[in-house]
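Participant: Provided herewith is a single structure, encoded as structure tokens, for subsequent inquiry.
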Amino acid sequence: MRRVSVDIGGTFTDCFVVWDGKYIEAKALTTHHNLALGFNEALSKAYHVLGLELEEILSQVDSVRYATTLGTNALIEHKGPKIGMLVTAGFEATVPLSRARGYGEGLDNLGQQDMPNAQRPDPLVLPHMICGVRERLDFQGKLVMPLDEDDVRVQIRALVDKGAEIIVVALVNAVVNPEHEQRIEEILLDEYPSHLLGAIPVILSHQVAGRKGEYVRATSAIVDGYLHSTMYHALSALEQNLRAHRYEKPMLVIHNSGGMAQLNSTDALQTIHSGPVSGIAASEHLAMQAGLGNVVATDMGGTSYDIGIVVDGGIKHYDFNPVIDRWLVSVPMVHLVTLGAGGGSIASYDRMYDTVKCGPESAGSDPGPACYDRGGMRPTVTDADLLLGYLDPKNYAGGSIPLNPRRASAAIEDALCDDLDCSVIEAALLIREKVDDNMANGLFTELRARGYDPKEFTMLAYGGNGPLHCCGIAQNLNIDKILAPPMSSVFSAVGAGNMHQLHIHEQSLYMVLYDSNTRHIFDDYTRFNRIVAELKEQGTQDLLRQGIAKDDICHNLELDMRYGNQLVQTTAVIPKHEVHGPGDVLALISQFSNDYGKRFGEGSQAPEAGIRINTIRVAAFVRHETVEFEDIKPVPPEQRRKPPAPAGTRKCHFVGHEGSFETRVWSRSAIEPGVEIPGPAIIASEVTTFLVNPGWNFVAAKQGASWFLRA
């Protein structure tokens, strides 16, 4: 297997290369003005290890996969085209009104509790750029008013005269009958053919979101249209860069649904958060191969801290109406929580509470933290970690980024010390304590909100800063085992390399499996089987268009189920994809009951409230060869060995401990599997730093995996 996978983050571009059994990890600063430059720099570090040239690698690999946060950044920064929108006449106010909730979506809990003072987000499509067209279909897709094609041409020309650079079409009930949306596309292409310089892209809402809900379907299409040009040009530039270096196969793009597809089969909306989703996919793969049971995946990079949950059995949690920036959309996305807490998170004085505030603003890669010596003047978490002794200023990122402690000290002193009336080290400890508390609170809230006990989970700590902060986070949650997985610094890129080509199709419905009032068990088997078969066929056609052989296509069936009118849904993975009698229906109910009991405790099931299906979801995918993880469980205590002599010592300061510790330092490459090191200790590699707090033990495992176990 020869493969290149890349995770382009806000601060670093992570690259993972598989070459005939060799696994190579490399990092470079993200070059936002031209993503290909950062990619080439990261890949150059890998091909120097192999002793090859860039063209030799790219001409021989089986695939190149990209996960990127480019779409997320473009949406946050409001860098998009001027959108024109066509809606059913009379519904021009649907998007501006935003169900009267648009000013609350995307705010934190405190902001949502103060709605009168909440600020509405700047609209992605201006009200005067929304035009109504005369047509109407009812809720069943039946014709009420035919499409007035002359009116459509008038409205299209009006939008173009107003400067529309892209047209979004979102008609009422188009998800049931898309005929009118499709006809509008034909008219628009007739007015502005694709071969003309003035051709205008068109986005149809029913192709972006397949579920009912006029507002969320419209916003999904708007966000997709808003990101269309940015993603098209940026990803096309990446593909052209590959072509210039003799890569001739289709470029693959990671989707936030947990799969990937070729660039020509990817919507811009599907790329949002694709990097963190890749890390969750890698966590699922590792947990199943290594038998880790329940894991909570935590990815701490330079800009953010991403949290995902994978429970025993490989069941992922999805968001079906996720909020992206400030917009509620309708797309099945692997559930994750993103906190503004990374190595580049800026620390400032919180005047209200007389303490330190960390994030969500980040220094990013340009200028970066003050200690990068690239012009950054504000203190960050990385500056605090450097002054506390955790980082080697001469050997950070393998020596490619020398750090300047004087700059870090000056930034912290100028921004915090006078207001807090403390020393630089005390301020750095406050930064460290605050950012670890923020991440621990986010982790606890996410697990408890979904009915899980943190003690029942293994915490996976990855990303460039994950192993550096994991002990401080875990000890606030009473989690006593942490795993820094193999290739932890580029673990999301590893996940991108392990992805399968996949498309998810779903249908929201109201299907009662058990009616508690009539004690009736579902018996419309034809309806259930027909829906599943249609969803399978849609996914199959998606993959056939990408050149996949039909015999290689597999399907997974998932049902979102709930008891009665409970708000909480539980996803059940169903092995049998058809029902033909009461026994099959009871098997569905039994699967749901077992999953519910595992999640909320045995005995919490409530069949007396009734049981219903809210969503039927089919994932069509084709399996690719994946990275194989070895048995990475820690060896028993009696088989652990003492470490070799340390490479040196450094004075380090730890939260909750007075004074400094003379902390021993090892190189990760010198630590063999089975070696145990009691904290405090530092184990450094070229791509990350493993910090073992007092009260914790470090145990090395195979493939470079590392365990942190509470002493």
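Letters A, B, ... mark the chains of the structure tokens in the order given; residue numbers begin at 1 per chain; ligand numbers begin at 1, in order shown.
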Check the DSSP output for the backbone and give back, as a ChimeraX atom specification, the residues of range 270-417 of chain A in strand (DSSP E or B).
Facilitator: /A:295-300,305-311,315-316,318-319,323-324,327-328,333-334,337-339,345-350,355-362,380
Participant: Quick one: which range 75-107 of chain A residues come within 12 Å of range 136-143 of chain A, and what is the nearest atom pair for each with the distance in Å to one decimal, counting only C-alpha atoms, rows ordered by chain and ascending number, as a Markdown table?
Facilitator:
```
| residue | atom | partner | partner_atom | distance |
| --- | --- | --- | --- | --- |
| A:Val87 | CA | A:Arg136 | CA | 10.2 |
| A:Thr88 | CA | A:Arg136 | CA | 6.8 |
| A:Ala89 | CA | A:Arg136 | CA | 8.4 |
| A:Gly90 | CA | A:Arg136 | CA | 10.2 |
| A:Phe91 | CA | A:Arg136 | CA | 10.9 |
```
Participant: Between A:Asn256, A:Asn109, A:Asn441, A:Ser345, which is the closest to Asn476 in chain A once you count only C-alpha atoms?
Facilitator: A:Asn441
Participant: Would you list the contacts of range 264-279 of chain A as an MDAnalysis selection string, taking every protein, DNA or RNA residue within 9 Å and counting only C-alpha atoms, but skipping same-chain residues closer than 6 positions in sequence?
Facilitator: chainID A and resid 6:9 66:72 208 220:221 223:232 253:258 297:299 306:308 324 331 333:336 338 462:463 490:499 542 545:546
Participant: For a quick check of understanding, using only C-alpha atoms, which of A:Ala609, A:Ala411, A:Ile309, A:Val573 has the smallest distance to Ile280 in chain A?
Facilitator: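 With only C-alpha atoms as the atom set, the closest residue is A:Ile309.
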Participant: Please extract the residues of range 46-107 of chain A with a backbone DSSP assignment of helix (DSSP H, G or I) and present them as an NGL selection string.
Facilitator: :A and (46-50 or 54-58 or 70-76 or 94-100)
Participant: Emit the selected residues as a CSV table (one decimal), in the first residue's frame, including N, CA and C atoms.
Facilitator:
```
chain,number,residue,atom,x,y,z
A,46,ALA,N,8.6,14.0,4.3
A,46,ALA,CA,8.3,12.6,4.2
A,46,ALA,C,9.2,12.0,3.1
A,47,TYR,N,9.3,12.6,1.9
A,47,TYR,CA,10.1,11.9,0.9
A,47,TYR,C,11.6,12.0,1.1
A,48,HIS,N,12.0,13.0,2.0
A,48,HIS,CA,13.4,12.9,2.4
A,48,HIS,C,13.7,11.7,3.2
A,49,VAL,N,12.8,11.3,4.1
A,49,VAL,CA,12.9,10.1,4.9
A,49,VAL,C,13.1,8.9,4.0
A,50,LEU,N,12.3,8.9,2.9
A,50,LEU,CA,12.3,7.7,2.0
A,50,LEU,C,13.4,7.8,1.0
A,54,LEU,N,9.7,14.2,-5.0
A,54,LEU,CA,8.2,14.4,-4.9
A,54,LEU,C,7.5,13.7,-6.0
A,55,GLU,N,8.0,13.8,-7.2
A,55,GLU,CA,7.4,13.2,-8.4
A,55,GLU,C,7.3,11.7,-8.3
A,56,GLU,N,8.4,11.1,-7.7
A,56,GLU,CA,8.4,9.6,-7.6
A,56,GLU,C,7.3,9.1,-6.7
A,57,ILE,N,7.1,9.9,-5.6
A,57,ILE,CA,6.0,9.5,-4.6
A,57,ILE,C,4.7,9.6,-5.3
A,58,LEU,N,4.4,10.8,-5.8
A,58,LEU,CA,3.0,11.1,-6.3
A,58,LEU,C,2.7,10.3,-7.6
A,70,LEU,N,-10.7,24.5,5.3
A,70,LEU,CA,-10.8,25.7,4.5
A,70,LEU,C,-12.2,26.2,4.4
A,71,GLY,N,-13.2,25.4,4.2
A,71,GLY,CA,-14.6,25.8,4.2
A,71,GLY,C,-15.0,26.4,5.5
A,72,THR,N,-14.7,25.8,6.6
A,72,THR,CA,-15.0,26.4,7.9
A,72,THR,C,-14.5,27.8,8.0
A,73,ASN,N,-13.2,28.0,7.7
A,73,ASN,CA,-12.6,29.3,7.8
A,73,ASN,C,-13.2,30.3,6.9
A,74,ALA,N,-13.5,29.9,5.6
A,74,ALA,CA,-14.1,30.8,4.7
A,74,ALA,C,-15.5,31.3,5.2
A,75,LEU,N,-16.3,30.4,5.8
A,75,LEU,CA,-17.6,30.8,6.4
A,75,LEU,C,-17.4,31.7,7.5
A,76,ILE,N,-16.5,31.5,8.4
A,76,ILE,CA,-16.3,32.3,9.6
A,76,ILE,C,-15.8,33.7,9.2
A,94,THR,N,-38.7,33.6,4.5
A,94,THR,CA,-38.4,32.4,5.3
A,94,THR,C,-37.0,32.4,5.8
A,95,VAL,N,-36.0,32.7,4.9
A,95,VAL,CA,-34.6,32.7,5.3
A,95,VAL,C,-34.3,33.9,6.2
A,96,PRO,N,-34.7,35.2,5.9
A,96,PRO,CA,-34.4,36.3,6.8
A,96,PRO,C,-35.0,36.1,8.2
A,97,LEU,N,-36.2,35.5,8.3
A,97,LEU,CA,-36.8,35.3,9.6
A,97,LEU,C,-36.1,34.2,10.4
A,98,SER,N,-35.6,33.2,9.7
A,98,SER,CA,-34.8,32.1,10.2
A,98,SER,C,-35.5,31.5,11.4
A,99,ARG,N,-36.8,31.3,11.3
A,99,ARG,CA,-37.6,30.6,12.4
A,99,ARG,C,-37.5,31.4,13.7
A,100,ALA,N,-37.1,32.7,13.6
A,100,ALA,CA,-37.0,33.5,14.8
A,100,ALA,C,-35.9,33.0,15.7
```
Participant: So, with only C-alpha atoms as the atoms that count, which of A:Arg211, A:Arg3, A:Arg183, A:Arg450 lies closest to Ser59 in chain A?
Facilitator: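 Once distances to Ser59 in chain A are computed over only C-alpha atoms, the minimum belongs to A:Arg3.
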Participant: Excluding same-chain residues fewer than 4 positions from Lys45 in chain A, what lies within 8 Å of it counting only C-alpha atoms, as a PDB file with N, CA, C and O atoms, in the first residue's frame?
Facilitator:
```pdb
ATOM      1  N   ALA A  26       4.621  13.779   9.120  1.00  0.00           N
ATOM      2  CA  ALA A  26       5.320  15.047   8.925  1.00  0.00           C
ATOM      3  C   ALA A  26       4.331  16.187   9.106  1.00  0.00           C
ATOM      4  O   ALA A  26       3.128  16.035   8.864  1.00  0.00           O
ATOM      5  N   LYS A  27       4.853  17.362   9.507  1.00  0.00           N
ATOM      6  CA  LYS A  27       4.021  18.534   9.721  1.00  0.00           C
ATOM      7  C   LYS A  27       4.714  19.751   9.120  1.00  0.00           C
ATOM      8  O   LYS A  27       5.947  19.826   9.063  1.00  0.00           O
ATOM      9  N   GLU A  41       5.538  21.274   1.411  1.00  0.00           N
ATOM     10  CA  GLU A  41       6.581  21.309   2.448  1.00  0.00           C
ATOM     11  C   GLU A  41       6.453  20.119   3.388  1.00  0.00           C
ATOM     12  O   GLU A  41       7.454  19.482   3.752  1.00  0.00           O
ATOM     13  N   VAL A  49      12.756  11.311   4.074  1.00  0.00           N
ATOM     14  CA  VAL A  49      12.936  10.104   4.883  1.00  0.00           C
ATOM     15  C   VAL A  49      13.056   8.884   3.970  1.00  0.00           C
ATOM     16  O   VAL A  49      13.865   7.977   4.213  1.00  0.00           O
TER      17      VAL A  49
END
```
Participant: Can you work out which one of A:Arg120, A:Ile222, A:Gly451, A:Ser423 has the shortest atom-to-atom distance to Val568 in chain A, counting only C-alpha atoms?
Facilitator: A:Gly451
Participant: So which one's closest to Tyr390 in chain A, A:Ala281, A:Leu429, A:Val329, A:Ala449? Using only C-alpha atoms, please.
Facilitator: A:Leu429
